[in-house]
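**Q** My structure is below; once you've seen it, I'll send some questions.
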Amino acid sequence: MIDKRPKVIARCTDAADVMAAVNYARENQLLLAIRGGGHNGPGLDSCDGGLVIDLSQMHSVPVDPVSRTVRVEPGCPAADLDHATHAFGLAVPLGIVGSTGVAGLTLGGGTGYLAR
Ligand SMILES: Cc1cc2nc3c(=O)[nH]c(=O)nc-3n(C[C@H](O)[C@H](O)[C@H](O)COP(=O)(O)OP(=O)(O)OC[C@H]3O[C@@H](n4cnc5c(N)ncnc54)[C@H](O)[C@@H]3O)c2cc1C
């Protein structure tokens with residue numbers, strides 16, 4: 001559906017990778033796009049001729065059942081979050097399709113089964 005051709009795709013695995021990618025784009029004056037779950041309809045997570053920071057490999061979901069909180073890395077899909085929280089009887093209002101990214105759902109979206 002999306003026909004964009006970035007020059008470089010940085011498949012980051014930690015914050016240091018992201019910092020290096022941002023610095024590389026700045027030093028080389030490259031347009032920058034950020035990919036979380038990759039479900040943005042218009043393809044705003046990619047760009048032509050620039051650098052894509054692909055966060056899809058950063059998807060850990062540590063749950064703290066005592067404080068009933070969960071943190072997600074920026075490439076975490078909704079299904080991984082549901083899987084990790086369900087075991088502790090917790091749930092987060094998100095979207096319906098499991099492959100959608102938590103990052104994008106948080107920035108603009110979040111309409112799902114737990115919405116009223
Ligand atoms: C099949 C499908 C089903 C969907 N179902 C639902 C649903 O049930 N409920 C709902 O509310 N929405 C739904 N959506 C819409 C979805 O919430 C939005 O498209 C959302 O933006 C997708 O997030 P993503 O992380 O997967 O996408 P991405 O394309 O990776 O990111 C979306 C936008 O956020 C930016 N972004 C991502 N991560 C970061 C970051 N760490 N820092 C800064 N910017 C960042 C990207 O550059 C992009 O502009 C659905 C979309 C699709 C394609």
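Chain labels run A, B, ... following the order of the structure tokens; each chain numbers its residues from 1, and ligands are numbered from 1 in the order shown.
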Give me, as JSON lines, each residue of chain A that comes within 6 Å of ligand 1, together with its shortest interatomic pair and the distance in Å at one decimal, counting only C-alpha atoms and all ligand atoms, with rows ordered by chain and rising residue number.

**A**
{"residue": "A:Ala33", "atom": "CA", "partner": "ligand 1", "partner_atom_place_in_ligand_line": "47 (O)", "distance": 5.4}
{"residue": "A:Ile34", "atom": "CA", "partner": "ligand 1", "partner_atom_place_in_ligand_line": "47 (O)", "distance": 4.0}
{"residue": "A:Arg35", "atom": "CA", "partner": "ligand 1", "partner_atom_place_in_ligand_line": "30 (O)", "distance": 3.8}
{"residue": "A:Gly36", "atom": "CA", "partner": "ligand 1", "partner_atom_place_in_ligand_line": "30 (O)", "distance": 3.3}
{"residue": "A:Gly37", "atom": "CA", "partner": "ligand 1", "partner_atom_place_in_ligand_line": "26 (O)", "distance": 3.2}
{"residue": "A:Gly38", "atom": "CA", "partner": "ligand 1", "partner_atom_place_in_ligand_line": "30 (O)", "distance": 3.5}
{"residue": "A:His39", "atom": "CA", "partner": "ligand 1", "partner_atom_place_in_ligand_line": "26 (O)", "distance": 3.7}
{"residue": "A:Asn40", "atom": "CA", "partner": "ligand 1", "partner_atom_place_in_ligand_line": "29 (O)", "distance": 3.5}
{"residue": "A:Gly41", "atom": "CA", "partner": "ligand 1", "partner_atom_place_in_ligand_line": "19 (O)", "distance": 5.6}
{"residue": "A:Leu44", "atom": "CA", "partner": "ligand 1", "partner_atom_place_in_ligand_line": "49 (O)", "distance": 4.3}
{"residue": "A:Asp45", "atom": "CA", "partner": "ligand 1", "partner_atom_place_in_ligand_line": "47 (O)", "distance": 4.0}
{"residue": "A:Pro74", "atom": "CA", "partner": "ligand 1", "partner_atom_place_in_ligand_line": "41 (N)", "distance": 5.1}
{"residue": "A:Gly95", "atom": "CA", "partner": "ligand 1", "partner_atom_place_in_ligand_line": "9 (N)", "distance": 3.5}
{"residue": "A:Ile96", "atom": "CA", "partner": "ligand 1", "partner_atom_place_in_ligand_line": "8 (O)", "distance": 3.7}
{"residue": "A:Val97", "atom": "CA", "partner": "ligand 1", "partner_atom_place_in_ligand_line": "5 (N)", "distance": 5.0}
{"residue": "A:Thr100", "atom": "CA", "partner": "ligand 1", "partner_atom_place_in_ligand_line": "26 (O)", "distance": 4.1}
{"residue": "A:Gly101", "atom": "CA", "partner": "ligand 1", "partner_atom_place_in_ligand_line": "26 (O)", "distance": 3.4}
{"residue": "A:Val102", "atom": "CA", "partner": "ligand 1", "partner_atom_place_in_ligand_line": "25 (O)", "distance": 5.6}
{"residue": "A:Ala103", "atom": "CA", "partner": "ligand 1", "partner_atom_place_in_ligand_line": "25 (O)", "distance": 4.6}
{"residue": "A:Gly104", "atom": "CA", "partner": "ligand 1", "partner_atom_place_in_ligand_line": "23 (O)", "distance": 3.0}
{"residue": "A:Leu105", "atom": "CA", "partner": "ligand 1", "partner_atom_place_in_ligand_line": "17 (O)", "distance": 4.1}
{"residue": "A:Gly108", "atom": "CA", "partner": "ligand 1", "partner_atom_place_in_ligand_line": "21 (O)", "distance": 5.4}
{"residue": "A:Gly109", "atom": "CA", "partner": "ligand 1", "partner_atom_place_in_ligand_line": "11 (O)", "distance": 3.4}
{"residue": "A:Gly110", "atom": "CA", "partner": "ligand 1", "partner_atom_place_in_ligand_line": "11 (O)", "distance": 3.6}
{"residue": "A:Thr111", "atom": "CA", "partner": "ligand 1", "partner_atom_place_in_ligand_line": "11 (O)", "distance": 3.6}
{"residue": "A:Gly112", "atom": "CA", "partner": "ligand 1", "partner_atom_place_in_ligand_line": "8 (O)", "distance": 5.1}

**Q** Export C-alpha atoms of the chosen residues as a PDB file, in the first residue's frame?

**A**
ATOM      1  CA  ALA A  33      10.972   8.950   9.736  1.00  0.00           C
ATOM      2  CA  ILE A  34      10.162   6.745  12.724  1.00  0.00           C
ATOM      3  CA  ARG A  35       8.561   3.313  12.461  1.00  0.00           C
ATOM      4  CA  GLY A  36       6.790   1.856  15.485  1.00  0.00           C
ATOM      5  CA  GLY A  37       4.312  -0.857  14.556  1.00  0.00           C
ATOM      6  CA  GLY A  38       4.227   0.233  10.908  1.00  0.00           C
ATOM      7  CA  HIS A  39       0.415   0.528  10.673  1.00  0.00           C
ATOM      8  CA  ASN A  40       0.159   4.200   9.749  1.00  0.00           C
ATOM      9  CA  GLY A  41      -2.195   4.335   6.742  1.00  0.00           C
ATOM     10  CA  LEU A  44       4.202   8.479   7.669  1.00  0.00           C
ATOM     11  CA  ASP A  45       6.578   5.936   9.210  1.00  0.00           C
ATOM     12  CA  PRO A  74       8.653   1.704  21.173  1.00  0.00           C
ATOM     13  CA  GLY A  95      -6.771  -0.918  19.423  1.00  0.00           C
ATOM     14  CA  ILE A  96      -8.403  -4.088  18.150  1.00  0.00           C
ATOM     15  CA  VAL A  97      -5.827  -5.438  15.688  1.00  0.00           C
ATOM     16  CA  THR A 100      -0.792  -2.393  15.468  1.00  0.00           C
ATOM     17  CA  GLY A 101       1.984  -0.581  17.332  1.00  0.00           C
ATOM     18  CA  VAL A 102       1.497   0.649  20.893  1.00  0.00           C
ATOM     19  CA  ALA A 103       3.514   3.788  19.994  1.00  0.00           C
ATOM     20  CA  GLY A 104       1.195   4.879  17.197  1.00  0.00           C
ATOM     21  CA  LEU A 105      -1.900   3.873  19.147  1.00  0.00           C
ATOM     22  CA  GLY A 108      -3.009   8.922  17.716  1.00  0.00           C
ATOM     23  CA  GLY A 109      -5.515   6.129  18.110  1.00  0.00           C
ATOM     24  CA  GLY A 110      -6.454   3.836  20.935  1.00  0.00           C
ATOM     25  CA  THR A 111     -10.042   3.057  20.029  1.00  0.00           C
ATOM     26  CA  GLY A 112     -10.659  -0.562  20.969  1.00  0.00           C
TER      27      GLY A 112
END

**Q** Taking only region 1-112 of chain A into account, list the residues labelled alpha helix (DSSP H) by DSSP (computed from the backbone), as a PyMOL selection string.

**A** chain A and resi 15-27+78-86+102-107

**Q** As an exercise, work out the distance from CA of Met1 (chain A) to CA of Gly75 (chain A) in Å and give it to one decimal place.

**A**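 Between CA of Met1 (chain A) and CA of Gly75 (chain A) the gap works out to 20.5 Å.
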
**Q** Mind checking which residues fall within 10 Å of Cys47 (chain A), counting only C-alpha atoms, ignoring those fewer than 4 positions away in the same chain, and posting them as a list in words?

**A**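 The residues that qualify are Ile2, Asp3, Lys4, Arg5, Pro6, Lys7, Val8, Leu31, Leu32, Ala33, Ile34, Gly43, Leu51 and Val52 of chain A.
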
**Q** Pull the strand (DSSP E) assignments for region 54-100 of chain A out of DSSP run on the backbone, and list those residues as a list in words.

**A** Asp54, Val63, Asp64, Thr69 and Val70 of chain A

**Q** Neighbours of Val18 (chain A) within 12 Å (only C-alpha atoms; same-chain residues fewer than 2 positions away dropped), as a list in words?

**A**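 My reading of the contact set: Ile9, Ala10, Arg11, Cys12, Thr13, Asp14, Ala15, Ala16, Ala20, Ala21, Val22, Asn23, Tyr24, Ala25, Leu32, Ala33, Ile34, Arg35, Leu51, Val52, Ile53, Asp54, Leu55, Gln57, Met58 and Pro74 of chain A.
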
**Q** Pick the closest to Val66 (chain A) from A:Gly49, A:Pro42, A:Gly98, A:Gly89: which is it, counting only C-alpha atoms?

**A**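 With only C-alpha atoms as the atom set, the closest residue is A:Gly89.
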
**Q** Neighbouring residues of Val63 (chain A) were defined as those with any atom within 12 Å, considering only C-alpha atoms; residues of the same chain fewer than 3 positions away were excluded. Please report them as a ChimeraX atom specification.

**A** /A:60,66-73,80-92

**Q** Output the selection as a PDB file, in the first residue's frame - N, CA and C atoms for each residue.

**A**
ATOM      1  N   SER A  60      10.176  -5.209  24.090  1.00  0.00           N
ATOM      2  CA  SER A  60      10.006  -5.864  25.390  1.00  0.00           C
ATOM      3  C   SER A  60       8.868  -5.183  26.166  1.00  0.00           C
ATOM      4  N   VAL A  66       2.942  -5.502  41.104  1.00  0.00           N
ATOM      5  CA  VAL A  66       2.739  -4.855  42.408  1.00  0.00           C
ATOM      6  C   VAL A  66       2.156  -3.451  42.217  1.00  0.00           C
ATOM      7  N   SER A  67       2.783  -2.676  41.357  1.00  0.00           N
ATOM      8  CA  SER A  67       2.267  -1.319  41.106  1.00  0.00           C
ATOM      9  C   SER A  67       1.212  -1.306  39.994  1.00  0.00           C
ATOM     10  N   ARG A  68       0.979  -2.489  39.406  1.00  0.00           N
ATOM     11  CA  ARG A  68       0.001  -2.638  38.318  1.00  0.00           C
ATOM     12  C   ARG A  68       0.305  -1.678  37.162  1.00  0.00           C
ATOM     13  N   THR A  69       1.578  -1.634  36.803  1.00  0.00           N
ATOM     14  CA  THR A  69       1.994  -0.811  35.667  1.00  0.00           C
ATOM     15  C   THR A  69       2.774  -1.671  34.671  1.00  0.00           C
ATOM     16  N   VAL A  70       2.792  -1.209  33.431  1.00  0.00           N
ATOM     17  CA  VAL A  70       3.538  -1.900  32.386  1.00  0.00           C
ATOM     18  C   VAL A  70       4.253  -0.845  31.547  1.00  0.00           C
ATOM     19  N   ARG A  71       5.467  -1.170  31.138  1.00  0.00           N
ATOM     20  CA  ARG A  71       6.209  -0.290  30.243  1.00  0.00           C
ATOM     21  C   ARG A  71       6.411  -1.040  28.937  1.00  0.00           C
ATOM     22  N   VAL A  72       6.409  -0.309  27.825  1.00  0.00           N
ATOM     23  CA  VAL A  72       6.667  -0.967  26.548  1.00  0.00           C
ATOM     24  C   VAL A  72       7.798  -0.260  25.828  1.00  0.00           C
ATOM     25  N   GLU A  73       8.582  -1.048  25.111  1.00  0.00           N
ATOM     26  CA  GLU A  73       9.554  -0.431  24.213  1.00  0.00           C
ATOM     27  C   GLU A  73       8.795   0.067  22.972  1.00  0.00           C
ATOM     28  N   ASP A  80       1.513  -8.112  21.893  1.00  0.00           N
ATOM     29  CA  ASP A  80       2.526  -8.435  22.901  1.00  0.00           C
ATOM     30  C   ASP A  80       2.155  -7.825  24.248  1.00  0.00           C
ATOM     31  N   LEU A  81       1.612  -6.607  24.202  1.00  0.00           N
ATOM     32  CA  LEU A  81       1.200  -5.950  25.445  1.00  0.00           C
ATOM     33  C   LEU A  81       0.046  -6.714  26.091  1.00  0.00           C
ATOM     34  N   ASP A  82      -0.942  -7.092  25.292  1.00  0.00           N
ATOM     35  CA  ASP A  82      -2.080  -7.861  25.822  1.00  0.00           C
ATOM     36  C   ASP A  82      -1.609  -9.185  26.415  1.00  0.00           C
ATOM     37  N   HIS A  83      -0.696  -9.849  25.694  1.00  0.00           N
ATOM     38  CA  HIS A  83      -0.181 -11.142  26.154  1.00  0.00           C
ATOM     39  C   HIS A  83       0.504 -11.004  27.519  1.00  0.00           C
ATOM     40  N   ALA A  84       1.325  -9.966  27.658  1.00  0.00           N
ATOM     41  CA  ALA A  84       2.104  -9.792  28.898  1.00  0.00           C
ATOM     42  C   ALA A  84       1.226  -9.371  30.076  1.00  0.00           C
ATOM     43  N   THR A  85       0.230  -8.522  29.836  1.00  0.00           N
ATOM     44  CA  THR A  85      -0.593  -8.018  30.940  1.00  0.00           C
ATOM     45  C   THR A  85      -1.695  -8.997  31.334  1.00  0.00           C
ATOM     46  N   HIS A  86      -2.202  -9.755  30.375  1.00  0.00           N
ATOM     47  CA  HIS A  86      -3.321 -10.663  30.644  1.00  0.00           C
ATOM     48  C   HIS A  86      -2.967 -11.670  31.744  1.00  0.00           C
ATOM     49  N   ALA A  87      -1.720 -12.117  31.737  1.00  0.00           N
ATOM     50  CA  ALA A  87      -1.294 -13.121  32.730  1.00  0.00           C
ATOM     51  C   ALA A  87      -1.447 -12.604  34.156  1.00  0.00           C
ATOM     52  N   PHE A  88      -1.417 -11.281  34.317  1.00  0.00           N
ATOM     53  CA  PHE A  88      -1.534 -10.682  35.657  1.00  0.00           C
ATOM     54  C   PHE A  88      -2.919 -10.073  35.894  1.00  0.00           C
ATOM     55  N   GLY A  89      -3.860 -10.380  35.029  1.00  0.00           N
ATOM     56  CA  GLY A  89      -5.219  -9.850  35.171  1.00  0.00           C
ATOM     57  C   GLY A  89      -5.300  -8.363  34.891  1.00  0.00           C
ATOM     58  N   LEU A  90      -4.373  -7.853  34.065  1.00  0.00           N
ATOM     59  CA  LEU A  90      -4.362  -6.428  33.738  1.00  0.00           C
ATOM     60  C   LEU A  90      -4.689  -6.242  32.255  1.00  0.00           C
ATOM     61  N   ALA A  91      -5.155  -5.054  31.917  1.00  0.00           N
ATOM     62  CA  ALA A  91      -5.457  -4.738  30.515  1.00  0.00           C
ATOM     63  C   ALA A  91      -5.275  -3.245  30.294  1.00  0.00           C
ATOM     64  N   VAL A  92      -4.914  -2.898  29.067  1.00  0.00           N
ATOM     65  CA  VAL A  92      -4.696  -1.495  28.693  1.00  0.00           C
ATOM     66  C   VAL A  92      -5.626  -1.169  27.527  1.00  0.00           C
TER      67      VAL A  92
END

**Q** I'd like the interatomic distance between CA of Leu107 (chain A) and CA of Pro62 (chain A), to a tenth of an Å.

**A**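 The value is 20.3 Å.
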
**Q** Given only C-alpha atoms as the basis, pick out the residue of A:Leu94, A:Tyr113, A:Ser99, A:Arg26 nearest to His59 (chain A).

**A**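 The closest residue to His59 (chain A) is A:Ser99.
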